[in-house]
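Asker: Structure below; questions to follow.
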Amino acid sequence: MMGCISAIKSIFVATSTINQKKRSPATFTPRNKPEPRHDLSQAPEYNRLHNRTEQLATLKQWILEENSRIITLTGLSGIGKTALARQLVEHVEDKFDRILWRSHRKLPNLNALQSHIIEFLAPPQPSQNPSIVNYLNSRNSLLDHLRNHRCLIILDDFQETLTPGELVGNYRPEYQNYGQLINEIGQHTHHSCLLLLTWEHPLEIATLETENFYCKTLPVLGLGKLATEILSARKLKDQKKWSELIEIYSANPLWLNIIASTILDLFNGSVQEYLSYPTLYLGDLEPILKQHYQRLCESEKILLQWLATQDQPVKISQKPPLLSDADFLKAIQSLKRRSLVEKTSGFTLQPAIKQYVKNLIS
């Protein structure tokens, strides 16, 4: 035991001396280029990746030319955040020493997340004593390891770290210090990139973007005209009505695929017959929308239900009678950060979301 402690002390002293001579507080350049290590085992596979050339070009510029430290992809479920991130990895993988993809759904707390990432970035070598490696890793923060190698860390389902039933921005107890970690990664110099995929725009990210060139957010929108590829592949009828169907479901790839199945199952593939039905039928899309609705706090639900009854976009000067001015502003901002309201000439709901809420209150 005494021999092990002496060995650890010797290595720590030697490491400290090397660090003082070879690295500055901001950057670290390894003497030998490490073998690349990529782990995409938790990245979902997609049989069809829709072309998002413009958004891919933006992400590549942010990462490869502007050295962005944190990039957030936001948008509703099924909109294509994960598919876009998969395409991005294929375009930039040769520029990174380490690439890791993980989902917050499979990591129970912040300590587990950090330990998991550090173990991937600095695994023990066959000749190393595991206890010594664990000791050295505990002396280095995640930021130190992001400086030692150029890393691309993709963290999916970030909304799972946030508390449901509250306004956007409050972390679950097991992720309480996540905001501090995000600030550290965003504000300190390194050449790695943290890519967050989320339904909801994190509060720290929104704040960092106002003062930090290296932190950016890309809202992932629907496919637009490219969504016709989905309807064509599903062999739906009445092509002249496709644009109306695409608009109702905001060109969301998952939503359109689900509704296409409903149209094939109940309406013999006729889009016109489906659209002529008296009430917009959501079918298997309802459980997905329910997941978003259940994350809302009470003031957000009140506001969403009120917006669903409005025929025209709502101005910021308008508000439902049940909410105070302060509660209204907090709720509308939180709903916007959840991508549940859109802002054009005023605030409004996507048709599918509006119908879901109407179904709840009818």
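Simple scheme: letters A, B, ... for chains in structure tokens order, numbers from 1 for residues in each chain, numbers from 1 for ligands in the order shown.
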Contacts of range 323-338 of chain A at 10 Å or less, counting only C-alpha atoms, minus same-chain residues fewer than 4 places along, as a VMD selection string?
Answerer: chain A and resid 74 to 76 159 166 to 169 198 to 203 206 292 295 to 304 316 to 319 342 to 343 347
Asker: Could you give me, as CSV, every range 251-343 of chain A residue with an atom at most 12 Å from range 80-96 of chain A, plus its closest atom pair and distance in Å to one decimal, counting only C-alpha atoms, rows ordered by chain then number?
Answerer:
```
residue,atom,partner,partner_atom,distance
A:Ala251,CA,A:Gly80,CA,10.4
A:Asn252,CA,A:Gly80,CA,7.7
A:Pro253,CA,A:Gly80,CA,7.0
A:Leu254,CA,A:Gly80,CA,8.1
A:Trp255,CA,A:Gly80,CA,10.7
```
Asker: Save the residues we just selected, N, CA and C atoms, as a compact mmCIF listing (two decimals), in the first residue's frame?
Answerer:
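Saved the output as part-v5.txt:
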```txt
# COMPACT_ATOMS: atom_id res chain seq x y z
N ALA A 251 -43.80 20.51 -41.61
CA ALA A 251 -42.72 19.79 -42.32
C ALA A 251 -41.85 18.99 -41.37
N ASN A 252 -42.43 18.56 -40.24
CA ASN A 252 -41.71 17.74 -39.27
C ASN A 252 -41.63 16.31 -39.80
N PRO A 253 -40.44 15.77 -40.03
CA PRO A 253 -40.31 14.44 -40.65
C PRO A 253 -41.03 13.33 -39.89
N LEU A 254 -40.87 13.28 -38.57
CA LEU A 254 -41.52 12.24 -37.79
C LEU A 254 -43.03 12.39 -37.81
N TRP A 255 -43.51 13.61 -37.60
CA TRP A 255 -44.95 13.85 -37.58
C TRP A 255 -45.59 13.46 -38.91
```
Asker: Which one is closest to Val220 in chain A: A:Leu197, A:Leu236, A:Val271, A:Leu107? Count only C-alpha atoms.
Answerer: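 Smallest separation from Val220 in chain A among the options: A:Leu197.
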Asker: Set the distance at 9 Å and use only C-alpha atoms: which residues neighbour Leu218 in chain A once local chain neighbours fewer than 4 positions away are removed? I'd like the list as a compact mmCIF listing (two decimals) with N, CA and C atoms, in the first residue's frame.
Answerer:
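The resulting file, result14.txt, is shown below:
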```txt
# COMPACT_ATOMS: atom_id res chain seq x y z
N GLN A 55 -27.92 24.08 -43.32
CA GLN A 55 -27.66 23.97 -41.88
C GLN A 55 -26.34 23.25 -41.61
N THR A 58 -23.56 25.75 -42.06
CA THR A 58 -23.48 26.66 -40.91
C THR A 58 -22.76 25.99 -39.75
N LEU A 59 -23.12 24.75 -39.44
CA LEU A 59 -22.49 24.04 -38.32
C LEU A 59 -21.00 23.81 -38.58
N ILE A 71 -22.39 24.27 -29.04
CA ILE A 71 -23.43 24.49 -30.04
C ILE A 71 -24.67 23.73 -29.58
N THR A 72 -25.81 24.39 -29.64
CA THR A 72 -27.06 23.77 -29.22
C THR A 72 -28.01 23.66 -30.40
N LEU A 73 -28.49 22.46 -30.64
CA LEU A 73 -29.53 22.23 -31.65
C LEU A 73 -30.85 22.10 -30.91
N THR A 74 -31.80 23.00 -31.19
CA THR A 74 -33.07 23.00 -30.51
C THR A 74 -34.20 22.70 -31.48
N GLY A 75 -35.29 22.16 -30.96
CA GLY A 75 -36.45 21.89 -31.80
C GLY A 75 -37.31 20.80 -31.19
```
Asker: Using only C-alpha atoms, which residue out of A:His38, A:Lys240, A:Leu223, A:Gly186 lies closest to Glu209 in chain A?
Answerer: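 Between A:His38, A:Lys240, A:Leu223, A:Gly186, the residue approaching Glu209 in chain A most closely is A:Gly186.
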Asker: Got a sec to tell me which of range 32-228 of chain A DSSP assigns to helix (DSSP H, G or I), as a count of residues only?
Answerer: 91
